[in-house]
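One file, entry16.cif, is given below (mmCIF, C-alpha atoms).
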data_coords
#
loop_
_atom_site.label_atom_id
_atom_site.label_comp_id
_atom_site.auth_asym_id
_atom_site.auth_seq_id
_atom_site.Cartn_x
_atom_site.Cartn_y
_atom_site.Cartn_z
CA MET A 1 -16.89 -26.74 14.49
CA ILE A 2 -15.91 -26.77 10.79
CA GLU A 3 -18.55 -24.19 9.90
CA SER A 4 -17.41 -21.88 12.70
CA PHE A 5 -13.79 -22.43 11.74
CA PHE A 6 -14.16 -21.41 8.10
CA LYS A 7 -16.34 -18.45 8.99
CA ASN A 8 -13.76 -17.17 11.48
CA ALA A 9 -10.77 -18.16 9.34
CA SER A 10 -12.10 -16.20 6.36
CA ILE A 11 -12.29 -13.07 8.52
CA TYR A 12 -8.80 -13.57 9.96
CA SER A 13 -7.43 -14.28 6.48
CA LEU A 14 -9.01 -11.13 5.06
CA SER A 15 -7.50 -9.19 7.95
CA ALA A 16 -4.09 -10.72 7.27
CA ILE A 17 -4.30 -10.00 3.55
CA LEU A 18 -5.14 -6.35 4.12
CA THR A 19 -2.70 -5.68 6.95
CA ARG A 20 0.19 -7.66 5.48
CA GLY A 21 -0.65 -6.24 2.07
CA ILE A 22 -0.25 -2.73 3.44
CA SER A 23 3.09 -3.77 4.99
CA ILE A 24 4.29 -5.12 1.65
CA LEU A 25 3.22 -1.94 -0.14
CA LEU A 26 5.37 0.01 2.31
CA VAL A 27 8.51 -1.87 1.23
CA PRO A 28 9.08 0.12 -2.02
CA ILE A 29 8.86 3.34 0.01
CA TYR A 30 11.13 2.11 2.78
CA THR A 31 13.78 0.78 0.39
CA ARG A 32 13.91 4.11 -1.45
CA TYR A 33 14.41 6.18 1.69
CA LEU A 34 16.36 3.73 3.85
CA LEU A 35 19.73 2.11 3.24
CA PRO A 36 20.19 -1.64 3.86
CA ALA A 37 21.98 -0.73 7.12
CA ASP A 38 18.94 1.34 8.22
CA TYR A 39 16.71 -1.61 7.46
CA GLY A 40 19.10 -3.75 9.47
CA ILE A 41 18.48 -1.54 12.53
CA VAL A 42 14.72 -1.99 12.15
CA ASP A 43 15.20 -5.75 11.87
CA LEU A 44 17.48 -5.77 14.91
CA PHE A 45 14.83 -4.15 17.11
CA THR A 46 12.21 -6.50 15.66
CA VAL A 47 14.32 -9.32 17.05
CA LEU A 48 14.70 -7.55 20.41
CA ALA A 49 10.95 -6.90 20.61
CA SER A 50 10.25 -10.58 20.12
CA ILE A 51 12.44 -11.75 22.98
CA ILE A 52 11.15 -9.01 25.33
CA ASN A 53 7.51 -9.80 24.55
CA ILE A 54 8.12 -13.50 25.10
CA THR A 55 9.86 -13.24 28.45
CA ILE A 56 8.73 -10.41 30.69
CA SER A 57 4.99 -11.17 30.61
CA LEU A 58 5.64 -14.90 31.19
CA GLU A 59 3.51 -15.77 28.12
CA ILE A 60 0.43 -15.20 30.24
CA THR A 61 -1.75 -14.55 27.22
CA GLN A 62 -1.26 -18.23 26.27
CA ALA A 63 -2.67 -19.18 29.67
CA ILE A 64 -5.78 -17.09 28.97
CA ALA A 65 -6.17 -18.97 25.69
CA ARG A 66 -6.27 -22.23 27.62
CA TYR A 67 -8.37 -21.16 30.65
CA TYR A 68 -10.74 -18.47 29.36
CA GLN A 69 -13.19 -20.85 27.66
CA GLU A 70 -13.24 -23.04 30.79
CA GLY A 71 -14.41 -20.16 33.00
CA LYS A 72 -17.62 -21.06 34.80
CA ASN A 73 -19.26 -17.70 34.11
CA GLU A 74 -18.56 -14.25 32.69
CA LEU A 75 -17.31 -12.99 36.06
CA GLU A 76 -14.64 -15.68 36.29
CA LYS A 77 -13.64 -15.14 32.65
CA SER A 78 -13.20 -11.42 33.21
CA LEU A 79 -11.18 -12.15 36.35
CA TYR A 80 -8.72 -14.20 34.28
CA THR A 81 -8.47 -11.41 31.69
CA SER A 82 -8.17 -8.52 34.15
CA THR A 83 -5.58 -10.26 36.30
CA ALA A 84 -3.41 -11.07 33.31
CA PHE A 85 -3.80 -7.58 31.85
CA TRP A 86 -2.75 -5.69 34.98
CA PHE A 87 0.17 -8.07 35.45
CA THR A 88 1.23 -7.32 31.85
CA VAL A 89 0.93 -3.55 32.38
CA MET A 90 3.06 -3.80 35.51
CA VAL A 91 5.95 -5.73 33.93
CA TYR A 92 6.06 -3.53 30.82
CA THR A 93 6.12 -0.40 32.97
CA PHE A 94 9.10 -1.80 34.84
CA TYR A 95 10.83 -2.62 31.53
CA LEU A 96 10.25 0.92 30.24
CA ILE A 97 11.73 2.50 33.38
CA ILE A 98 14.87 0.34 33.10
CA SER A 99 15.22 1.18 29.39
CA PHE A 100 15.05 4.91 30.07
CA LEU A 101 17.48 4.81 33.00
CA PHE A 102 20.14 2.87 31.08
CA SER A 103 19.37 4.07 27.54
CA GLU A 104 22.93 5.18 26.76
CA ASP A 105 24.45 1.88 27.87
CA PHE A 106 21.92 -0.19 25.94
CA THR A 107 22.34 1.99 22.84
CA LEU A 108 26.10 1.57 22.88
CA TRP A 109 25.77 -2.17 23.36
CA LEU A 110 23.21 -2.71 20.58
CA LEU A 111 24.19 -0.11 17.98
CA GLY A 112 27.77 0.77 18.88
CA ASP A 113 27.26 4.54 19.10
CA VAL A 114 25.32 6.75 21.55
CA LYS A 115 24.17 8.95 18.64
CA TYR A 116 21.42 6.35 18.17
CA LYS A 117 20.02 6.99 21.67
CA LEU A 118 16.78 8.54 20.37
CA ILE A 119 16.24 5.53 18.12
CA PHE A 120 16.70 3.21 21.10
CA ILE A 121 14.20 5.16 23.23
CA LEU A 122 11.61 5.19 20.45
CA ALA A 123 12.20 1.49 19.83
CA SER A 124 11.68 0.78 23.55
CA LEU A 125 8.36 2.64 23.51
CA SER A 126 7.41 0.67 20.41
CA ILE A 127 8.23 -2.62 22.16
CA VAL A 128 6.09 -1.73 25.20
CA THR A 129 3.07 -0.56 23.19
CA ASN A 130 3.39 -3.59 20.91
CA GLY A 131 3.36 -5.92 23.93
CA LEU A 132 0.16 -4.35 25.25
CA PHE A 133 -1.43 -4.40 21.81
CA TYR A 134 -0.46 -8.07 21.40
CA PHE A 135 -2.23 -8.88 24.67
CA THR A 136 -5.44 -6.93 23.99
CA GLN A 137 -5.75 -8.07 20.39
CA ASN A 138 -5.21 -11.70 21.37
CA GLN A 139 -7.97 -11.37 23.94
CA LEU A 140 -10.43 -10.71 21.12
CA LYS A 141 -9.21 -13.92 19.55
CA TRP A 142 -9.68 -15.97 22.73
CA GLN A 143 -13.20 -14.51 23.07
CA ILE A 144 -13.84 -15.64 19.47
CA GLN A 145 -14.52 -12.13 18.15
CA PRO A 146 -12.89 -12.31 14.71
CA LYS A 147 -14.73 -9.29 13.27
CA ASP A 148 -13.56 -7.04 16.10
CA ASN A 149 -10.05 -8.44 15.78
CA PHE A 150 -10.15 -7.54 12.08
CA ILE A 151 -11.30 -3.97 12.77
CA VAL A 152 -8.52 -3.42 15.30
CA SER A 153 -5.81 -4.85 13.03
CA LEU A 154 -6.87 -2.77 10.06
CA ILE A 155 -7.13 0.53 11.95
CA SER A 156 -3.79 0.01 13.71
CA THR A 157 -2.01 -0.87 10.46
CA ILE A 158 -3.46 2.09 8.56
CA VAL A 159 -2.43 4.49 11.33
CA LEU A 160 1.06 2.97 11.50
CA ALA A 161 1.50 3.23 7.73
CA GLY A 162 0.12 6.77 7.49
CA VAL A 163 2.27 8.16 10.30
CA SER A 164 5.45 6.37 9.15
CA ILE A 165 5.13 7.47 5.51
CA SER A 166 4.32 11.05 6.48
CA LEU A 167 7.35 11.36 8.74
CA LEU A 168 9.65 9.47 6.36
CA VAL A 169 8.72 11.36 3.18
CA ALA A 170 7.88 14.82 4.56
CA LEU A 171 10.33 15.16 7.44
CA ARG A 172 12.97 12.61 6.33
CA LEU A 173 13.18 11.11 9.82
CA LYS A 174 14.53 7.78 8.51
CA VAL A 175 14.35 4.93 11.06
CA GLU A 176 12.67 7.12 13.70
CA SER A 177 9.58 7.49 11.50
CA ILE A 178 8.94 3.74 11.56
CA PHE A 179 9.10 3.47 15.35
CA ILE A 180 6.90 6.54 15.87
CA GLY A 181 4.32 5.04 13.51
CA GLN A 182 4.42 1.77 15.45
CA ILE A 183 3.93 3.53 18.79
CA ILE A 184 0.89 5.52 17.67
CA GLY A 185 -0.65 2.57 15.80
CA ASN A 186 -0.17 0.25 18.79
CA LEU A 187 -1.70 2.68 21.29
CA ILE A 188 -4.78 3.23 19.17
CA GLY A 189 -5.07 -0.54 18.74
CA VAL A 190 -4.91 -1.08 22.52
CA PHE A 191 -7.70 1.39 23.29
CA ILE A 192 -9.99 0.03 20.58
CA SER A 193 -9.32 -3.60 21.58
CA ILE A 194 -10.22 -2.92 25.20
CA SER A 195 -13.43 -1.12 24.22
CA LEU A 196 -14.51 -4.05 22.01
CA ALA A 197 -13.77 -6.80 24.54
CA LYS A 198 -17.31 -6.82 26.02
CA GLY A 199 -16.40 -5.65 29.51
CA SER A 200 -13.62 -8.20 30.05
CA TYR A 201 -11.28 -5.59 31.53
CA LYS A 202 -12.01 -4.55 35.10
CA LEU A 203 -10.02 -3.36 38.12
CA ASN A 204 -10.14 -6.87 39.59
CA PHE A 205 -6.96 -8.81 40.35
CA SER A 206 -6.66 -12.34 41.73
CA VAL A 207 -3.38 -13.71 43.04
CA THR A 208 -4.87 -17.22 42.90
CA LYS A 209 -5.77 -16.87 39.21
CA LEU A 210 -2.36 -15.37 38.49
CA LYS A 211 -0.59 -18.35 40.07
CA GLU A 212 -2.85 -20.75 38.14
CA MET A 213 -2.09 -19.08 34.82
CA ILE A 214 1.63 -18.71 35.43
CA THR A 215 1.89 -22.39 36.45
CA PHE A 216 0.60 -23.21 32.97
CA SER A 217 2.49 -20.54 31.06
CA TYR A 218 5.94 -20.30 32.65
CA PRO A 219 7.32 -23.35 30.79
CA LEU A 220 6.16 -21.61 27.63
CA VAL A 221 8.54 -18.75 28.47
CA PHE A 222 11.49 -21.12 28.09
CA SER A 223 9.78 -22.56 25.04
CA GLY A 224 9.29 -19.03 23.73
CA ILE A 225 12.97 -18.25 24.24
CA ALA A 226 13.85 -21.39 22.35
CA VAL A 227 11.40 -20.41 19.60
CA PHE A 228 12.96 -16.96 19.57
CA ILE A 229 16.39 -18.48 19.10
CA ALA A 230 15.11 -20.83 16.42
CA THR A 231 13.31 -17.95 14.68
CA TYR A 232 15.83 -15.13 15.01
CA ILE A 233 19.24 -16.75 15.38
CA ASP A 234 19.58 -16.43 11.61
CA ARG A 235 19.46 -12.63 11.83
CA ILE A 236 21.68 -12.54 14.92
CA ALA A 237 24.24 -14.76 13.20
CA ILE A 238 24.12 -12.70 10.00
CA LYS A 239 24.72 -9.48 11.93
CA ASP A 240 27.53 -11.15 13.86
CA LEU A 241 29.25 -12.78 10.88
CA LEU A 242 28.32 -10.61 7.87
CA GLY A 243 27.12 -7.18 9.14
CA LEU A 244 24.06 -4.93 9.01
CA GLU A 245 23.97 -4.62 5.21
CA GLU A 246 23.56 -8.36 4.68
CA LEU A 247 21.06 -8.41 7.54
CA GLY A 248 19.01 -5.77 5.72
CA ILE A 249 18.99 -7.86 2.53
CA TYR A 250 17.97 -10.97 4.46
CA GLY A 251 15.31 -8.97 6.30
CA ILE A 252 13.72 -7.95 2.98
CA SER A 253 13.55 -11.56 1.80
CA TYR A 254 12.04 -12.59 5.14
CA ARG A 255 9.41 -9.86 4.88
CA PHE A 256 8.27 -11.12 1.48
CA ALA A 257 8.41 -14.73 2.68
CA SER A 258 6.14 -13.78 5.56
CA ILE A 259 3.36 -13.48 2.98
CA ALA A 260 3.00 -17.15 3.86
CA GLY A 261 1.45 -15.84 7.06
CA LEU A 262 -1.54 -14.67 5.04
CA VAL A 263 -2.50 -18.32 4.71
CA MET A 264 -1.20 -19.34 8.12
CA LEU A 265 -2.71 -16.57 10.21
CA GLY A 266 -6.33 -17.23 9.29
CA PHE A 267 -6.02 -20.91 10.21
CA GLN A 268 -3.93 -20.26 13.30
CA SER A 269 -6.14 -17.54 14.72
CA SER A 270 -9.35 -19.46 14.17
CA LEU A 271 -8.31 -23.05 14.90
CA MET A 272 -6.76 -22.98 18.39
CA PRO A 273 -9.64 -21.28 20.25
CA LEU A 274 -12.08 -23.75 18.64
CA VAL A 275 -9.86 -26.74 19.45
CA TYR A 276 -9.73 -25.73 23.12
CA LYS A 277 -13.50 -25.34 23.11
CA HIS A 278 -14.40 -28.59 21.25
CA HIS A 279 -11.48 -30.97 21.89
CA ASN A 280 -13.65 -33.37 23.95
CA GLU A 281 -16.11 -33.90 21.09
CA GLU A 282 -15.80 -37.14 19.11
CA ASP A 283 -15.66 -35.56 15.64
CA THR A 284 -12.99 -32.97 16.44
CA PRO A 285 -9.91 -35.04 15.32
CA LYS A 286 -11.55 -35.79 11.98
CA ASN A 287 -12.55 -32.15 11.56
CA ILE A 288 -8.97 -31.02 12.23
CA SER A 289 -7.72 -33.48 9.61
CA GLU A 290 -10.16 -32.15 7.00
CA ILE A 291 -9.14 -28.57 7.77
CA PHE A 292 -5.49 -29.59 7.46
CA ASN A 293 -6.06 -31.07 3.98
CA ILE A 294 -7.50 -27.77 2.76
CA PHE A 295 -4.66 -25.89 4.42
CA ILE A 296 -2.04 -27.98 2.60
CA ILE A 297 -3.60 -27.22 -0.79
CA LEU A 298 -3.28 -23.49 -0.06
CA VAL A 299 0.28 -23.99 1.19
CA LEU A 300 1.32 -25.71 -2.02
CA PHE A 301 -0.07 -22.88 -4.15
CA VAL A 302 1.65 -20.19 -2.06
CA LEU A 303 4.93 -22.12 -1.95
CA GLY A 304 4.97 -22.77 -5.70
CA GLY A 305 4.08 -19.17 -6.49
CA SER A 306 6.68 -17.73 -4.12
CA ILE A 307 9.41 -19.77 -5.78
CA VAL A 308 8.62 -19.17 -9.45
CA PHE A 309 7.86 -15.45 -9.04
CA SER A 310 10.50 -14.58 -6.42
CA ARG A 311 12.69 -12.72 -8.91
CA GLU A 312 9.79 -10.67 -10.28
CA ILE A 313 8.58 -9.79 -6.78
CA ILE A 314 11.94 -8.48 -5.61
CA ILE A 315 12.60 -6.45 -8.78
CA LEU A 316 9.10 -4.96 -8.69
CA PHE A 317 9.13 -3.91 -5.05
CA THR A 318 12.76 -3.09 -4.24
CA THR A 319 15.90 -1.50 -5.64
CA GLU A 320 19.00 -3.15 -7.09
CA ALA A 321 20.76 -3.28 -3.72
CA PHE A 322 18.19 -5.88 -2.58
CA TYR A 323 17.90 -8.03 -5.75
CA SER A 324 20.04 -10.89 -4.40
CA SER A 325 17.40 -11.62 -1.75
CA ASN A 326 15.12 -13.33 -4.30
CA ASN A 327 16.89 -16.68 -3.96
CA LEU A 328 15.98 -16.90 -0.27
CA ILE A 329 12.22 -16.37 -0.48
CA GLY A 330 11.12 -19.94 -1.35
CA ILE A 331 13.30 -21.46 1.37
CA LEU A 332 12.00 -19.07 4.00
CA VAL A 333 8.37 -19.59 2.95
CA MET A 334 8.78 -23.32 3.65
CA ALA A 335 10.43 -22.56 6.99
CA ILE A 336 7.65 -20.17 8.04
CA PHE A 337 4.94 -22.69 7.23
CA LEU A 338 6.67 -25.54 9.04
CA SER A 339 7.41 -23.44 12.12
CA ASN A 340 3.71 -22.62 12.54
CA MET A 341 2.10 -25.93 11.58
CA TYR A 342 2.24 -27.19 15.18
CA ILE A 343 -1.36 -25.96 15.54
CA PHE A 344 -2.43 -29.08 13.62
CA ALA A 345 -0.87 -31.28 16.31
CA PRO A 346 -2.56 -29.83 19.42
CA GLY A 347 -2.26 -32.89 21.67
CA ILE A 348 0.54 -31.53 23.85
CA TRP A 349 -1.41 -28.33 24.64
CA ILE A 350 -4.68 -30.16 25.22
CA VAL A 351 -3.13 -32.33 27.93
CA LYS A 352 -1.23 -29.25 29.26
CA LYS A 353 2.25 -30.80 28.92
CA THR A 354 3.90 -27.45 28.29
CA LYS A 355 7.29 -28.70 29.51
CA LEU A 356 7.38 -31.02 26.49
CA VAL A 357 6.78 -27.99 24.27
CA PHE A 358 9.89 -26.43 25.78
CA LEU A 359 11.95 -29.57 25.15
CA ILE A 360 11.00 -29.70 21.46
CA THR A 361 11.63 -26.01 20.90
CA LEU A 362 14.96 -26.27 22.75
CA ILE A 363 16.09 -29.03 20.38
CA SER A 364 15.08 -26.86 17.42
CA ALA A 365 16.91 -23.82 18.82
CA ILE A 366 20.16 -25.72 19.44
CA LEU A 367 20.01 -27.25 15.96
CA ASN A 368 19.27 -23.91 14.30
CA THR A 369 22.08 -22.13 16.14
CA THR A 370 24.59 -24.82 15.25
CA LEU A 371 23.57 -24.87 11.60
CA ASN A 372 23.61 -21.06 11.26
CA TYR A 373 27.13 -20.67 12.60
CA THR A 374 28.25 -23.63 10.49
CA LEU A 375 26.61 -22.76 7.17
CA ILE A 376 26.80 -18.93 7.03
CA PRO A 377 30.62 -18.82 6.87
CA ILE A 378 30.46 -21.35 4.02
CA ILE A 379 27.57 -20.17 1.80
CA GLY A 380 26.66 -16.73 3.20
CA VAL A 381 23.06 -15.64 3.89
CA SER A 382 21.72 -18.74 2.12
CA GLY A 383 23.17 -20.76 4.98
CA ALA A 384 20.88 -18.91 7.40
CA ALA A 385 17.82 -19.73 5.28
CA TYR A 386 18.69 -23.44 5.04
CA ALA A 387 19.45 -23.64 8.76
CA THR A 388 16.06 -22.10 9.56
CA LEU A 389 14.28 -24.53 7.24
CA ILE A 390 15.95 -27.66 8.61
CA SER A 391 15.34 -26.79 12.26
CA ALA A 392 11.69 -25.88 11.55
CA MET A 393 11.21 -29.23 9.82
CA VAL A 394 12.64 -31.16 12.77
CA ALA A 395 10.46 -29.26 15.27
CA PHE A 396 7.28 -29.87 13.27
CA PHE A 397 7.93 -33.61 13.02
CA LEU A 398 8.49 -33.81 16.80
CA PHE A 399 5.28 -31.88 17.51
CA ALA A 400 3.41 -34.17 15.12
CA ILE A 401 4.77 -37.36 16.70
CA PHE A 402 4.06 -36.37 20.32
CA GLY A 403 0.82 -34.61 19.43
CA TYR A 404 -0.45 -37.82 17.84
CA LYS A 405 0.46 -39.75 20.98
CA TYR A 406 -1.79 -37.61 23.20
CA TYR A 407 -4.48 -36.65 20.70
CA PRO A 408 -4.48 -38.83 17.55
CA ILE A 409 -5.50 -37.10 14.31
CA PRO A 410 -5.79 -39.13 11.06
CA TYR A 411 -3.43 -37.43 8.57
CA LYS A 412 -2.46 -38.56 5.06
CA THR A 413 1.29 -38.49 5.63
CA LYS A 414 2.43 -40.24 2.44
CA GLU A 415 0.35 -38.00 0.18
CA LEU A 416 1.61 -34.93 2.04
CA ILE A 417 5.29 -35.76 1.49
CA LEU A 418 4.83 -36.66 -2.18
CA SER A 419 2.92 -33.44 -2.81
CA PHE A 420 5.67 -31.28 -1.36
CA ILE A 421 8.36 -33.09 -3.38
CA PHE A 422 6.38 -32.62 -6.61
CA VAL A 423 5.74 -28.91 -6.05
CA LEU A 424 9.32 -28.13 -5.04
CA THR A 425 10.94 -29.90 -7.98
CA SER A 426 8.45 -28.41 -10.45
CA ALA A 427 8.69 -24.85 -9.11
CA TYR A 428 12.48 -24.68 -8.97
CA GLY A 429 12.72 -26.33 -12.39
CA ILE A 430 10.40 -23.73 -13.94
CA LYS A 431 12.22 -20.86 -12.22
CA ASN A 432 15.60 -22.00 -13.55
CA ILE A 433 14.40 -22.71 -17.09
CA PHE A 434 12.37 -19.52 -17.53
CA ASN A 435 14.81 -17.21 -15.78
CA GLN A 436 14.22 -14.16 -18.00
CA ILE A 437 11.55 -11.65 -17.03
CA ASN A 438 9.21 -11.25 -20.02
CA LEU A 439 5.54 -11.84 -20.84
CA PHE A 440 6.15 -15.35 -22.18
CA SER A 441 7.98 -16.59 -19.07
CA ILE A 442 5.38 -14.99 -16.77
CA PHE A 443 2.60 -16.70 -18.75
CA ILE A 444 4.34 -20.09 -18.43
CA LYS A 445 4.88 -19.57 -14.71
CA LEU A 446 1.24 -18.68 -14.18
CA ILE A 447 0.18 -21.92 -15.85
#

Encoding of this model in structure tokens:
Amino acid sequence: MIESFFKNASIYSLSAILTRGISILLVPIYTRYLLPADYGIVDLFTVLASIINITISLEITQAIARYYQEGKNELEKSLYTSTAFWFTVMVYTFYLIISFLFSEDFTLWLLGDVKYKLIFILASLSIVTNGLFYFTQNQLKWQIQPKDNFIVSLISTIVLAGVSISLLVALRLKVESIFIGQIIGNLIGVFISISLAKGSYKLNFSVTKLKEMITFSYPLVFSGIAVFIATYIDRIAIKDLLGLEELGIYGISYRFASIAGLVMLGFQSSLMPLVYKHHNEEDTPKNISEIFNIFIILVLFVLGGSIVFSREIIILFTTEAFYSSNNLIGILVMAIFLSNMYIFAPGIWIVKKTKLVFLITLISAILNTTLNYTLIPIIGVSGAAYATLISAMVAFFLFAIFGYKYYPIPYKTKELILSFIFVLTSAYGIKNIFNQINLFSIFIKLI
């Protein structure tokens, strides 16, 4: 299992580095052609896309993750995939029709002016194509085809970037250029993903399989909503309490903090399919623990680097209007890691207690909402970052406690806590002492 994990994880990590790297390289272009308020609109529809993708398809792709490897033969596996795919196409088609019919009302509600109607329509198309791409790309992951997953991610990202930059720079389309790029990139990704999925997509549809999958996945919809709240309530609260400009600044800091996903994505994409496949084997808990130890070392390096170089990163890649976002990056990096580390406590998913997943995520969502609306009025956008961090920490500890109950994994808890304390105090100390940007301070920070 460990050999397969690191082979697959290296491919997923390379994919994440390239695709996220391209996204980061787009930031200097976006921030020079878009105002913070424009960036706030993009972030707002990113939030909307997340909640739509979580709810309308009933998280059925998570059911495929759990049942696909247990299929008795290739015919049954393809029946799971095809049934879920056609169900997903159906619900997204219905969503698109509703969006078109009531586009003016939704535009007025979300953006306050019907002049943004075209942006809303393009954003709706982006949400639909993204949902289909999310499904088809994940299927490659569940079939343990990391190389094909990498090819699809890279091609889709390159197309998205090329189209967006061309429209933004040449035609000055502003926000519209980003959504058009997403639509075209997603559609190409869908077609390539389906062609690489080894005949998993057919015209077959089974009501019995659909009921089986939805029985597993529907609690994850409520869990997903709670995760959505826990993940995006910070941006909703900022827009509500501070406005689109502050949301744009926060969105930039979150984008740079998401570099943490370069470490997380490789482990996340590779680990869960292998855990579902090998969880009954005696050595699997020990193997997960060893993988976790390596993961934590990488986390500490990324966390320390994101804190000490946050100021340099923001100044290098953005304009002065976004400089204040540098203080948020380290906090958000920690929050992003903690919110995704549940994969190292897989016990709840192995025993299929998805209702417990919902309960934990609900607690996190309530806590995050309360903290955001309490802290933002007091300390501004920093309050949103701290609220996100605290709620992510609580959720991870709950997943770890219950996960250990159903599927014990031998972790070195004491060493883990001490390591995080050491890195945090050292990194923030260095950042505050060497707060001038020059060759000497950069050299000290590198050491």

| query | In terms of the shortest atom-to-atom distance over only C-alpha atoms, which of A:Leu108, A:Leu418, A:Ile183, A:Ile249 is closest to Leu35 of chain A? | reply |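 Ranking A:Leu108, A:Leu418, A:Ile183, A:Ile249 by distance to Leu35 of chain A, first place goes to A:Ile249.
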
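For the residues A:Thr425, A:Asn435, A:Ser23, A:Ser206, ranking by smallest atom-to-atom distance to Phe317 of chain A using only C-alpha atoms places A:Ser23 first.
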
| request: Might you pull out every residue within 10 Å of Asp105 of chain A, with only C-alpha atoms counted and same-chain residues fewer than 5 positions away left off, and present them as a VMD selection string? | output: chain A and resid 99 110 112 to 114 117

| request: Check the smallest atom-to-atom distance from each of A:Ser258, A:Ile442, A:Ile127, A:Val91 to Glu312 of chain A using all atoms listed in the file, then report the winner. | output: A:Ile442

| Evaluating the PyMOL selection byres ((chain A and resi 75) around 12) on the displayed file yields which residues, as a ChimeraX atom specification? | /A:68,71-74,76-82,198-202,204-205

| query | Expanded to explicit residues, what is the PyMOL selection byres ((chain A and resi 119) around 12) for this file, as an MDAnalysis selection string? | reply | chainID A and resid 38 41:42 44:45 103:104 106:108 110:111 113:118 120:126 173:180

| Output check: residues returned by the PyMOL selection byres ((chain A and resi 137) around 9), as a ChimeraX atom specification | /A:132-136,138-141,148-149,152-153,189-190,193-194

| task | Could you tell me how far atom CA of Ala63 of chain A lies from atom CA of Ser217 of chain A, in Å and to one decimal? | result |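 A separation of 5.5 Å between them.
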
| Nearest residue to Arg66 of chain A from the set A:Lys286, A:His279, A:Lys355, A:Arg235 (distances using only C-alpha atoms) |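 Smallest separation from Arg66 of chain A among the options: A:His279.
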
| task | Compute the distance from (0.2, -8.8, 32.4) to each atom, counting only C-alpha atoms, keep the residues with any atom at most 6 Å away, and return them as a PyMOL selection string; use the coordinates of the file. | result | chain A and resi 57+84-89

Residues just named, written with C-alpha atoms as a compact mmCIF listing (two decimals), in the coordinates of the input:
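Result file is again.txt:
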# COMPACT_ATOMS: atom_id res chain seq x y z
CA SER A 57 4.99 -11.17 30.61
CA ALA A 84 -3.41 -11.07 33.31
CA PHE A 85 -3.80 -7.58 31.85
CA TRP A 86 -2.75 -5.69 34.98
CA PHE A 87 0.17 -8.07 35.45
CA THR A 88 1.23 -7.32 31.85
CA VAL A 89 0.93 -3.55 32.38
